[in-house]
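The structure appears below as structure tokens.
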Amino acid sequence: MSTVYGPIRQIAAALAWILGIGLSAAIVALSRPDLGLAELVEAHLEESGVRHPVTAVLLNYRGYDTLLEIAVLLSAVLGILAFRPPGPASIPDAAPDSSPVLAALSRLIVPLIVLAAGYLLWAGAHRPGGAFQAGAVLAGGGVLLRLTGTIPSFESPNAWLRVSLVVGLGVFLAVAALPLFEGSRLLEYRTAEAAMVILVVESALTVSIAAILATAFIGAAPPRIRCMSPSRPAHSAEGERAGQS
Amino acid sequence: MIGGGLIYAMAGVVLFALGFYGFIVHAHLVRRLIAFNIMGSGVFLVLVGLPQRVAGTPPDRVSEALVLTGIVVAVSATAFGLALVRRLYDLTGETRLPNDPRPEP
Amino acid sequence: MLGEILDFSLAAILIWIAWRTVATPDLFNAVVLFIVFGLLMTLAWVRLHAPDIALAETAIGTGLTGALMLDAVAHITGIRGRRRAGRNPS
């Protein structure tokens with residue numbers, strides 16, 4: 001157990017109690033909330049291009065936050081890729097589970113995942129959904145494919161992967177900068193085209209978020225040699241484990 | 001009239017305090033990342049629960065959008081932190097910070 | 001009335017699971033409990049009338065963070081049979 005006893009634990013507990021009680025008192029003492037921004041959101045919903053208020057807030061009213069968020073995602077995955085152990089792959093990949101159930105199930109589930117992601121992306125305009133949910137579901141499909149061995153571990157990302165990592169930020173920046181050439185400010189979509197613009201940006205964001213999150217999972221591990229058959233690397237992996245223990 | 005949001009806002013405060021305690025007490029970096037995520041979830045509960053603290057108010061859409069952004073940023077920060085922990089472990093074999101004054105278990 | 005009972009129980013379970021996550025001595029237990037915590041947060045988001053956040057929390061907060069942490073814990077506890085810094089060529 002890597003925790004500590006003694007004074008640090010008691011001081012930490014005391015601080016946590018003080019923090020908890022103080023914040024609870026502050027919350028209870030708050031006055032009645034006023035509606036504030038909710039009225040503004042509802043009032044301008046028709047001009048925003050979508051019918052779902054959360055999507056309108058994310059991609060229209062506070063589009064700047066979403067632009068910076070996709071930039072943060074991209075920086076995080078670049079950092080993760082930068083911290084991989086260098087050098088050629090020397091360790092064979094772990095053999096995927098040879099159970100036929102897993103293979104059959106993943107063949108069933110992954111197309112359904114793609115379908116669900118497409119639906120979530122399209123539905124984001126008028127009901128809960130949107131680019132983040134669709135991208136995250138697709139990334140889950142990518143993680144599943146990695147775990148069943150369909151997607152190999154890479155040494156450096158290939159051209160398609162690099163393009164998909166960057167396309168979200170690129171498209172969003174282009175769409176955001178376009179009004180600057182017409183004299184308006186950053187991210188001021190024209191009202192007539194707002195719906196189309198938001199759909200284009202959301203599609204690019206979905207592709208990018210899926211690629212970024214899947215790469216964050218696959219790229220965290222050091223590069224490994226792809227196992228061609230289930231039997232040979234299983235022997236060496238088991239031999240390593242037997243030699244280790 | 002107490003709305004449902006106040007219950008979750010108080011739970012969020014307790015989660016924040018719990019995560020804070022866990023962050024200070026643990027030396028293992030992955031457990032500190034878990035505690036950090038618990039703190040984050042507490043903050044998100046407060047952000048979404050507080051506008052609904054009186055029964056009958058509609059949910060606040062701006063807070064929901066902020067929390068959505070927050071969840072995505074938290075996962076990318078956690079992923080990056082885990083990559084750093086893996087690299088630290090590869091280079092030194094330790095999973096605690098080098099100059100951590102807390103005694104070994 | 002029923003809604004308030006549900007909210008109280010969900011908040012209490014959430015706090016209890018978070019406490020167990022922080023206080024358990026085993027690292028793997030902590031990660032598994034954290035995944036459970038994420039799933040309970042999804043229920044909380046549904047109760048707070050925020051289905052967008054519930055969708056995102058299930059996919060990102062539970063699924064991806066859980067997978068990332070399990071991968072990191074497997075790497076650190078050397079399940080794949082690699083030894084520590086001495087053997088790694090880098």
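Chain labels A, B, ... are given in the sequence in which chains occur in the structure tokens; within each chain residues are numbered consecutively from 1, and ligands are likewise numbered from 1 in the order shown.
Non-sequential neighbours of segment 179-189 of chain A (distance at most 9 Å, separation of 5 or more positions within a chain, only C-alpha atoms) are A:Ser48, A:Asn60, A:Gly63, A:Tyr64, A:Leu173, A:Ala194, A:Val197.
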Got time to write the residues from that selection, N, CA and C atoms, as a short mmCIF file (atom, residue, chain, number, x, y, z; two decimals), in the first residue's frame?
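Below is the file result-v7.cif, written as the result:
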data_model
loop_
_atom_site.label_atom_id
_atom_site.label_comp_id
_atom_site.auth_asym_id
_atom_site.auth_seq_id
_atom_site.Cartn_x
_atom_site.Cartn_y
_atom_site.Cartn_z
N SER A 48 -29.61 29.89 -34.73
CA SER A 48 -28.33 29.22 -34.53
C SER A 48 -28.12 28.09 -35.49
N ASN A 60 -22.21 26.98 -31.68
CA ASN A 60 -22.51 28.30 -32.20
C ASN A 60 -22.25 29.38 -31.17
N GLY A 63 -18.74 28.50 -29.68
CA GLY A 63 -17.92 27.71 -30.60
C GLY A 63 -16.43 27.88 -30.33
N TYR A 64 -16.05 29.01 -29.78
CA TYR A 64 -14.64 29.25 -29.49
C TYR A 64 -14.11 28.23 -28.49
N LEU A 173 -11.03 25.47 -37.91
CA LEU A 173 -10.31 26.73 -38.05
C LEU A 173 -10.67 27.43 -39.36
N ALA A 194 -25.93 28.48 -41.39
CA ALA A 194 -25.41 27.99 -40.12
C ALA A 194 -25.61 26.50 -39.96
N VAL A 197 -23.09 24.59 -42.10
CA VAL A 197 -21.74 24.78 -41.57
C VAL A 197 -21.54 23.93 -40.33
#
I need the residues in chain C that are helix (DSSP H, G or I) according to DSSP; give them as an NGL selection string. :C and (2-23 or 27-47 or 51-76)
Counting only C-alpha atoms, which residues of chain B sit at most 9 Å from some atom of chain A, and what is each one's closest atom pair with its distance in Å to one decimal, listed by chain and rising residue number, as CSV?
residue,atom,partner,partner_atom,distance
B:Leu6,CA,A:Val28,CA,8.3
B:Ala9,CA,A:Ile27,CA,8.0
B:Met10,CA,A:Ser24,CA,6.2
B:Val13,CA,A:Gly20,CA,6.0
B:Val14,CA,A:Gly20,CA,5.7
B:Leu15,CA,A:Gly20,CA,8.6
B:Phe16,CA,A:Gly20,CA,7.6
B:Ala17,CA,A:Ala16,CA,4.9
B:Leu18,CA,A:Ala16,CA,6.8
B:Gly19,CA,A:Ala16,CA,8.7
B:Phe20,CA,A:Ala16,CA,6.5
B:Tyr21,CA,A:Ala12,CA,5.6
B:Gly22,CA,A:Ala12,CA,8.5
B:Ile24,CA,A:Ala12,CA,6.4
B:Val25,CA,A:Thr3,CA,5.9
B:His26,CA,A:Thr3,CA,4.7
B:Ala27,CA,A:Ser2,CA,5.8
B:His28,CA,A:Ser2,CA,6.1
B:Leu50,CA,A:Ile27,CA,8.0
B:Pro51,CA,A:Pro33,CA,6.4
B:Gln52,CA,A:Pro33,CA,8.1
B:Arg53,CA,A:Pro33,CA,7.8
B:Val54,CA,A:Arg32,CA,7.1
B:Thr57,CA,A:Leu35,CA,8.0
B:Pro58,CA,A:Ala38,CA,8.4
B:Pro59,CA,A:Ala38,CA,8.5
B:Asp60,CA,A:Ala38,CA,6.2
B:Arg61,CA,A:Val54,CA,5.5
B:Val62,CA,A:Val57,CA,6.3
B:Glu64,CA,A:Val54,CA,6.9
B:Ala65,CA,A:Leu58,CA,5.8
B:Leu66,CA,A:Leu58,CA,8.1
B:Leu68,CA,A:Phe132,CA,8.2
B:Thr69,CA,A:Glu69,CA,6.8
B:Gly70,CA,A:Glu69,CA,8.8
B:Val72,CA,A:Leu73,CA,7.9
B:Val73,CA,A:Glu69,CA,6.8
B:Val75,CA,A:Leu213,CA,8.9
B:Ser76,CA,A:Ala76,CA,5.9
B:Ala77,CA,A:Ala76,CA,6.8
B:Ala79,CA,A:Ala216,CA,6.7
B:Phe80,CA,A:Ile80,CA,5.6
B:Gly81,CA,A:Ile80,CA,8.7
B:Leu82,CA,A:Ala220,CA,8.2
B:Ala83,CA,A:Ile80,CA,5.8
B:Leu84,CA,A:Phe83,CA,7.0
B:Arg86,CA,A:Ala220,CA,8.3
B:Arg87,CA,A:Phe83,CA,6.7
B:Asp90,CA,A:Pro85,CA,8.3
B:Arg102,CA,A:Val4,CA,7.0
B:Pro103,CA,A:Val4,CA,7.2
B:Glu104,CA,A:Ser2,CA,7.0
B:Pro105,CA,A:Ser2,CA,5.3
Up to 7 Å from chain A, what residues of chain C turn up? Count only C-alpha atoms and give them as a ChimeraX atom specification. /C:25-26,51-52,55-56,59-60,64,68,81,90
Define the interface residues of chain C facing chain B as those within 8 Å, counting only C-alpha atoms, and report them as a PyMOL selection string. chain C and resi 4+7-8+11-12+14-15+18-19+22-23+27+30-31+34+41+44+48-50+52-53+56-57+60-61+64-65+68-69+72-73+75-76+84-85+88+90
Any chance you could export the current selection's N, CA and C atoms as a compact mmCIF listing (two decimals), in the first residue's frame?
# COMPACT_ATOMS: atom_id res chain seq x y z
N GLU C 4 -37.12 11.63 -5.23
CA GLU C 4 -36.17 12.08 -4.21
C GLU C 4 -35.47 10.91 -3.55
N ASP C 7 -32.84 9.86 -5.89
CA ASP C 7 -31.71 10.79 -5.90
C ASP C 7 -30.84 10.62 -4.67
N PHE C 8 -31.48 10.49 -3.50
CA PHE C 8 -30.69 10.31 -2.28
C PHE C 8 -29.87 9.03 -2.33
N ALA C 11 -26.97 9.36 -4.82
CA ALA C 11 -25.90 10.21 -4.29
C ALA C 11 -25.12 9.47 -3.21
N ALA C 12 -25.84 8.72 -2.35
CA ALA C 12 -25.16 8.00 -1.27
C ALA C 12 -24.25 6.91 -1.83
N LEU C 14 -22.94 6.82 -4.79
CA LEU C 14 -21.83 7.49 -5.50
C LEU C 14 -20.72 7.84 -4.51
N ILE C 15 -21.12 8.43 -3.37
CA ILE C 15 -20.12 8.84 -2.38
C ILE C 15 -19.44 7.61 -1.80
N ALA C 18 -16.95 6.19 -4.29
CA ALA C 18 -15.78 7.05 -4.38
C ALA C 18 -14.89 6.87 -3.15
N TRP C 19 -15.50 6.72 -1.99
CA TRP C 19 -14.71 6.49 -0.78
C TRP C 19 -13.94 5.17 -0.88
N VAL C 22 -10.93 5.50 -3.14
CA VAL C 22 -9.79 6.21 -2.56
C VAL C 22 -9.13 5.38 -1.48
N ALA C 23 -9.92 4.59 -0.75
CA ALA C 23 -9.40 3.94 0.45
C ALA C 23 -8.96 2.49 0.24
N LEU C 27 -4.26 -1.49 -6.18
CA LEU C 27 -4.36 -0.58 -7.32
C LEU C 27 -5.40 -1.06 -8.33
N ALA C 30 -8.82 -0.33 -7.24
CA ALA C 30 -9.16 1.09 -7.37
C ALA C 30 -9.60 1.40 -8.79
N VAL C 31 -8.92 0.82 -9.78
CA VAL C 31 -9.29 1.11 -11.16
C VAL C 31 -10.67 0.54 -11.48
N PHE C 34 -13.26 2.61 -9.94
CA PHE C 34 -13.40 3.86 -10.66
C PHE C 34 -14.28 3.70 -11.88
N MET C 41 -22.10 7.61 -12.34
CA MET C 41 -22.20 9.00 -12.76
C MET C 41 -23.14 9.14 -13.95
N ALA C 44 -26.49 9.41 -12.69
CA ALA C 44 -26.70 10.73 -12.08
C ALA C 44 -26.98 11.77 -13.16
N LEU C 48 -30.25 14.20 -13.73
CA LEU C 48 -30.12 15.66 -13.78
C LEU C 48 -30.60 16.23 -15.10
N HIS C 49 -31.35 15.45 -15.88
CA HIS C 49 -31.90 15.90 -17.16
C HIS C 49 -30.82 16.37 -18.11
N ALA C 50 -29.71 15.64 -18.20
CA ALA C 50 -28.62 16.00 -19.11
C ALA C 50 -28.20 14.77 -19.90
N ASP C 52 -27.11 14.43 -22.94
CA ASP C 52 -25.87 14.55 -23.71
C ASP C 52 -24.68 14.17 -22.86
N ILE C 53 -24.67 14.68 -21.62
CA ILE C 53 -23.54 14.39 -20.74
C ILE C 53 -23.53 12.91 -20.38
N ALA C 56 -21.88 11.09 -23.20
CA ALA C 56 -20.44 11.33 -23.23
C ALA C 56 -19.75 10.67 -22.06
N GLU C 57 -20.38 10.67 -20.89
CA GLU C 57 -19.73 10.08 -19.71
C GLU C 57 -19.58 8.58 -19.87
N ILE C 60 -16.79 8.20 -22.92
CA ILE C 60 -15.47 8.76 -22.64
C ILE C 60 -15.06 8.51 -21.21
N GLY C 61 -15.89 9.01 -20.27
CA GLY C 61 -15.46 8.97 -18.88
C GLY C 61 -15.31 7.56 -18.35
N LEU C 64 -13.41 4.93 -22.13
CA LEU C 64 -12.04 5.20 -22.55
C LEU C 64 -11.10 5.39 -21.38
N THR C 65 -11.53 6.11 -20.35
CA THR C 65 -10.63 6.29 -19.20
C THR C 65 -10.36 4.96 -18.53
N LEU C 68 -7.87 3.03 -20.71
CA LEU C 68 -6.53 3.61 -20.59
C LEU C 68 -5.89 3.23 -19.27
N MET C 69 -6.67 3.30 -18.19
CA MET C 69 -6.08 3.01 -16.88
C MET C 69 -5.73 1.54 -16.74
N ALA C 72 -2.53 1.01 -18.55
CA ALA C 72 -1.38 1.54 -17.82
C ALA C 72 -1.04 0.67 -16.63
N VAL C 73 -2.07 0.18 -15.91
CA VAL C 73 -1.81 -0.67 -14.74
C VAL C 73 -1.18 -1.99 -15.17
N HIS C 75 0.72 -2.40 -17.74
CA HIS C 75 2.10 -2.09 -18.09
C HIS C 75 2.95 -1.96 -16.83
N ILE C 76 2.41 -1.30 -15.81
CA ILE C 76 3.21 -1.01 -14.62
C ILE C 76 3.42 -2.25 -13.77
N ARG C 84 11.82 -4.61 -15.17
CA ARG C 84 11.87 -3.16 -14.96
C ARG C 84 12.94 -2.49 -15.79
N ALA C 85 13.41 -1.37 -15.36
CA ALA C 85 14.21 -0.47 -16.21
C ALA C 85 15.42 -1.17 -16.79
N ASN C 88 14.78 -2.85 -20.38
CA ASN C 88 14.26 -2.07 -21.49
C ASN C 88 15.41 -1.43 -22.26
N SER C 90 15.59 1.00 -24.25
CA SER C 90 15.64 2.47 -24.28
C SER C 90 16.09 2.96 -22.92
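Atom CA of Arg96 of chain B is found 21.5 Å from atom CA of Ala67 of chain C.
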Can you list, as a PyMOL selection string, every protein, DNA or RNA residue that comes within 8 Å of Arg51 of chain A when you count only C-alpha atoms, leaving out same-chain residues fewer than 6 positions away? chain A and resi 45+125-127
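Atom pair atom CA of Ala204 of chain A / atom CA of Phe154 of chain A has a distance of 23.4 Å (rounded to one decimal).
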